[in-house]
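Listing of target17.cif; format and content: mmCIF, C-alpha atoms.
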```cif
data_structure
#
loop_
_atom_site.group_PDB
_atom_site.id
_atom_site.type_symbol
_atom_site.label_atom_id
_atom_site.label_comp_id
_atom_site.auth_asym_id
_atom_site.auth_seq_id
_atom_site.Cartn_x
_atom_site.Cartn_y
_atom_site.Cartn_z
ATOM 1 C CA SER A 1 -5.180 -6.951 -7.904
ATOM 2 C CA SER A 2 -3.209 -3.984 -6.763
ATOM 3 C CA HIS A 3 -4.440 -0.666 -5.536
ATOM 4 C CA PHE A 4 -1.525 1.687 -5.180
ATOM 5 C CA GLY A 5 1.953 2.088 -3.824
ATOM 6 C CA SER A 6 5.470 1.247 -4.669
ATOM 7 C CA SER A 7 7.357 -1.662 -3.233
ATOM 8 C CA SER A 8 10.747 -0.023 -3.625
ATOM 9 C CA ALA A 9 12.464 1.374 -0.565
ATOM 10 C CA GLN A 10 13.477 4.514 -2.432
ATOM 11 C CA ARG A 11 10.907 6.399 -4.425
ATOM 12 C CA ASP A 12 11.762 7.735 -7.858
ATOM 13 C CA THR A 13 10.170 11.177 -8.009
ATOM 14 C CA HIS A 14 10.598 11.296 -11.789
ATOM 15 C CA SER A 15 8.243 8.342 -12.316
ATOM 16 C CA ARG A 16 5.231 9.802 -10.530
ATOM 17 C CA PRO A 17 2.204 10.334 -12.745
ATOM 18 C CA SER A 18 1.476 13.777 -14.069
ATOM 19 C CA ALA A 19 -1.725 15.502 -12.979
ATOM 20 C CA THR A 20 -2.520 16.325 -16.612
ATOM 21 C CA PHE A 21 -4.451 13.198 -17.503
ATOM 22 C CA ALA A 22 -8.105 12.624 -18.331
ATOM 23 C CA LEU A 23 -10.395 10.627 -16.069
ATOM 24 C CA SER A 24 -10.711 8.106 -18.902
ATOM 25 C CA GLU A 25 -6.961 7.498 -18.568
ATOM 26 C CA LEU A 26 -7.483 6.910 -14.846
ATOM 27 C CA ALA A 27 -10.118 4.261 -15.560
ATOM 28 C CA MET A 28 -7.829 2.481 -18.032
ATOM 29 C CA ALA A 29 -4.652 2.718 -15.951
ATOM 30 C CA PRO A 30 -3.174 -0.411 -14.383
ATOM 31 C CA PRO A 31 -4.580 -0.865 -10.872
ATOM 32 C CA SER A 32 -1.157 -0.284 -9.313
ATOM 33 C CA LEU A 33 -1.094 3.272 -10.675
ATOM 34 C CA ARG A 34 -4.678 4.346 -10.055
ATOM 35 C CA LEU A 35 -4.359 5.704 -6.534
ATOM 36 C CA GLN A 36 -1.110 7.478 -7.434
ATOM 37 C CA MET A 37 -2.967 9.079 -10.307
ATOM 38 C CA LEU A 38 -5.863 9.948 -8.006
ATOM 39 C CA ALA A 39 -3.464 11.561 -5.575
ATOM 40 C CA ALA A 40 -1.754 13.534 -8.337
ATOM 41 C CA LEU A 41 -5.104 14.696 -9.688
ATOM 42 C CA ALA A 42 -6.352 15.644 -6.237
ATOM 43 C CA GLY A 43 -3.174 17.587 -5.550
ATOM 44 C CA ALA A 44 -3.473 19.464 -8.825
ATOM 45 C CA SER A 45 -7.144 20.362 -8.457
ATOM 46 C CA ALA A 46 -7.665 20.814 -4.713
ATOM 47 C CA PRO A 47 -6.287 23.723 -2.713
ATOM 48 C CA ALA A 48 -6.228 21.692 0.511
ATOM 49 C CA THR A 49 -4.208 18.565 1.150
ATOM 50 C CA VAL A 50 -6.119 15.350 0.603
ATOM 51 C CA ALA A 51 -4.740 12.133 2.024
ATOM 52 C CA GLN A 52 -5.889 8.562 2.012
ATOM 53 C CA GLN A 53 -7.690 7.690 5.235
ATOM 54 C CA VAL A 54 -6.489 5.062 7.687
ATOM 55 C CA GLY A 55 -8.751 2.029 7.743
ATOM 56 C CA SER A 56 -10.417 0.793 10.911
ATOM 57 C CA GLN A 57 -11.008 -2.897 10.109
ATOM 58 C CA GLN A 58 -7.446 -4.252 10.573
ATOM 59 C CA ALA A 59 -4.666 -2.724 12.669
ATOM 60 C CA GLU A 60 -1.256 -2.360 11.042
ATOM 61 C CA VAL A 61 1.367 -4.239 13.062
ATOM 62 C CA HIS A 62 4.708 -4.649 11.283
ATOM 63 C CA PRO A 63 6.699 -7.809 11.991
ATOM 64 C CA GLU A 64 9.951 -6.751 13.687
ATOM 65 C CA MET A 65 13.280 -7.646 12.155
ATOM 66 C CA TRP A 66 16.871 -6.942 13.108
ATOM 67 C CA MET A 67 19.206 -5.849 10.330
ATOM 68 C CA GLN A 68 22.721 -4.545 10.041
ATOM 69 C CA GLU A 69 23.695 -1.089 8.921
ATOM 70 C CA CYS A 70 27.271 -1.158 7.734
ATOM 71 C CA THR A 71 29.743 1.646 7.117
ATOM 72 C CA ALA A 72 33.482 1.722 6.497
ATOM 73 C CA SER A 73 34.054 1.480 10.258
ATOM 74 C CA GLY A 74 31.942 -1.651 10.757
ATOM 75 C CA CYS A 75 28.383 -2.859 11.190
ATOM 76 C CA ASP A 76 25.768 -2.130 13.836
ATOM 77 C CA TRP A 77 22.527 -4.001 14.462
ATOM 78 C CA GLN A 78 19.389 -1.914 13.973
ATOM 79 C CA LYS A 79 15.848 -2.861 14.933
ATOM 80 C CA GLY A 80 13.466 -2.429 12.023
ATOM 81 C CA SER A 81 10.312 -3.926 10.633
ATOM 82 C CA VAL A 82 8.808 -5.415 7.504
ATOM 83 C CA VAL A 83 6.120 -3.434 5.683
ATOM 84 C CA LEU A 84 3.788 -4.968 3.122
ATOM 85 C CA ASP A 85 3.176 -2.752 0.116
ATOM 86 C CA ALA A 86 -0.114 -0.869 0.161
ATOM 87 C CA ASN A 87 -1.313 -2.485 -3.068
ATOM 88 C CA TRP A 88 -1.946 -5.677 -1.033
ATOM 89 C CA ARG A 89 -4.225 -3.938 1.448
ATOM 90 C CA TRP A 90 -7.971 -3.563 1.638
ATOM 91 C CA ILE A 91 -9.369 -0.159 0.658
ATOM 92 C CA ASN A 92 -12.826 0.187 2.163
ATOM 93 C CA LYS A 93 -15.428 2.461 3.720
ATOM 94 C CA ASP A 94 -16.828 1.037 6.944
ATOM 95 C CA GLY A 95 -16.151 -2.521 5.763
ATOM 96 C CA LYS A 96 -17.491 -2.081 2.211
ATOM 97 C CA ASN A 97 -15.037 -2.386 -0.696
ATOM 98 C CA CYS A 98 -14.162 0.849 -2.473
ATOM 99 C CA TYR A 99 -12.485 -1.158 -5.208
ATOM 100 C CA MET A 100 -14.687 -3.474 -7.256
ATOM 101 C CA ASN A 101 -13.839 -6.939 -8.600
ATOM 102 C CA ASP A 102 -13.807 -5.736 -12.206
ATOM 103 C CA ASP A 103 -10.755 -3.512 -11.560
ATOM 104 C CA THR A 104 -12.741 -0.308 -11.146
ATOM 105 C CA TRP A 105 -13.449 2.034 -8.258
ATOM 106 C CA ASP A 106 -16.937 1.854 -6.758
ATOM 107 C CA PRO A 107 -18.700 5.048 -7.904
ATOM 108 C CA ALA A 108 -20.751 5.094 -4.679
ATOM 109 C CA THR A 109 -17.611 5.850 -2.650
ATOM 110 C CA CYS A 110 -15.152 6.968 -5.320
ATOM 111 C CA SER A 111 -17.043 9.255 -7.660
ATOM 112 C CA ASP A 112 -13.913 11.422 -7.940
ATOM 113 C CA PRO A 113 -10.371 11.324 -6.529
ATOM 114 C CA VAL A 114 -11.075 13.670 -3.625
ATOM 115 C CA SER A 115 -14.186 11.829 -2.433
ATOM 116 C CA CYS A 116 -12.343 8.518 -2.707
ATOM 117 C CA ALA A 117 -9.438 9.733 -0.583
ATOM 118 C CA GLN A 118 -11.823 11.255 1.959
ATOM 119 C CA SER A 119 -14.231 8.303 2.120
ATOM 120 C CA CYS A 120 -12.090 5.195 1.859
ATOM 121 C CA GLY A 121 -9.449 3.943 4.243
ATOM 122 C CA VAL A 122 -6.490 1.652 3.669
ATOM 123 C CA ASP A 123 -6.436 -1.080 6.258
ATOM 124 C CA GLY A 124 -3.496 -2.819 7.812
ATOM 125 C CA ALA A 125 -2.432 -6.300 6.789
ATOM 126 C CA ASP A 126 -2.709 -9.594 8.621
ATOM 127 C CA TYR A 127 0.899 -10.480 7.822
ATOM 128 C CA ALA A 128 0.964 -14.024 9.200
ATOM 129 C CA GLY A 129 -2.670 -15.048 8.699
ATOM 130 C CA THR A 130 -3.351 -13.760 5.194
ATOM 131 C CA TYR A 131 0.089 -13.492 3.645
ATOM 132 C CA GLY A 132 2.203 -16.053 5.532
ATOM 133 C CA ILE A 133 4.797 -13.414 6.469
ATOM 134 C CA LYS A 134 6.515 -14.083 9.792
ATOM 135 C CA THR A 135 9.771 -13.030 11.363
ATOM 136 C CA ASN A 136 12.099 -16.035 11.641
ATOM 137 C CA SER A 137 13.063 -17.441 15.045
ATOM 138 C CA TYR A 138 16.204 -15.251 15.229
ATOM 139 C CA LYS A 139 14.278 -12.123 14.150
ATOM 140 C CA ASP A 140 16.953 -11.392 11.552
ATOM 141 C CA GLY A 141 14.921 -12.474 8.533
ATOM 142 C CA ILE A 142 11.440 -13.409 7.429
ATOM 143 C CA ASP A 143 9.681 -16.589 6.386
ATOM 144 C CA LEU A 144 7.389 -16.208 3.358
ATOM 145 C CA LYS A 145 4.634 -18.773 2.844
ATOM 146 C CA PHE A 146 2.242 -16.907 0.554
ATOM 147 C CA VAL A 147 1.719 -18.669 -2.765
ATOM 148 C CA THR A 148 -0.242 -17.514 -5.803
ATOM 149 C CA LYS A 149 -1.170 -19.825 -8.639
#
```

What do you get writing this file as structure tokens?
Amino acid sequence: SSHFGSSSAQRDTHSRPSATFALSELAMAPPSLRLQMLAALAGASAPATVAQQVGSQQAEVHPEMWMQECTASGCDWQKGSVVLDANWRWINKDGKNCYMNDDTWDPATCSDPVSCAQSCGVDGADYAGTYGIKTNSYKDGIDLKFVTK
């Protein structure tokens, strides 16, 4: 199940959810949109900035990858990294899931959007161990071995 985020490199600001939705709409929204909706709601109702917390259970270490940036005058190698979309990450509070198995937020930690953002952290990903994502031997591509059935 997904939690939030967009896997596209460029974000379309026109597709972000409006902050004028009911909490019942939040509960019925696809999991991939819920945290975006929570963030929009928090931004519309809270005077201070509320951001998702960084998790403490798994460090985020991006696999490095070399890529070319090309212009009309030629191409240059740039060092970059691979980033796994946030909807594949664990959202938790001190090791306890904030997201329940029935596609709902745990009311003990996420009674409202602000408390959820303040209480729960998004952990890093174990790219190779959990998802089978490794930089290839030349570090100019990635090997993907994650399979879902």

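Excluding Pro63 in chain A itself and any same-chain residue fewer than 3 positions from it, the protein and nucleic acid residues within 10 Å of it, counting all atoms listed in the file, are Glu60, Gly80, Ser81, Val82, Val83, Leu84, Tyr127, Ala128, Ile133, Lys134, Thr135, Asn136, Lys139 and Ile142 of chain A.
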
Residue members of the PyMOL selection byres ((chain A and resi 118) around 9) in the file shown, as a list in words: Val50, Ala51, Gln52, Gln53, Pro113, Val114, Ser115, Cys116, Ala117, Ser119, Cys120 and Gly121 of chain A

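On the file presented, the PyMOL selection byres ((chain A and resi 144) around 6) picks out Gly132, Ile133, Asp143, Lys145 and Phe146 of chain A.
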
Nearest to Cys98 in chain A by atom-to-atom distance, counting only C-alpha atoms, from A:Cys110, A:Asp126, A:Glu64, A:Ser137: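 Going through A:Cys110, A:Asp126, A:Glu64, A:Ser137 one by one, the smallest distance to Cys98 in chain A is for A:Cys110.
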
One-decimal distance in Å that lies between CA of Gln58 in chain A and CA of Asp103 in chain A: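 These two atoms are separated by 22.4 Å.
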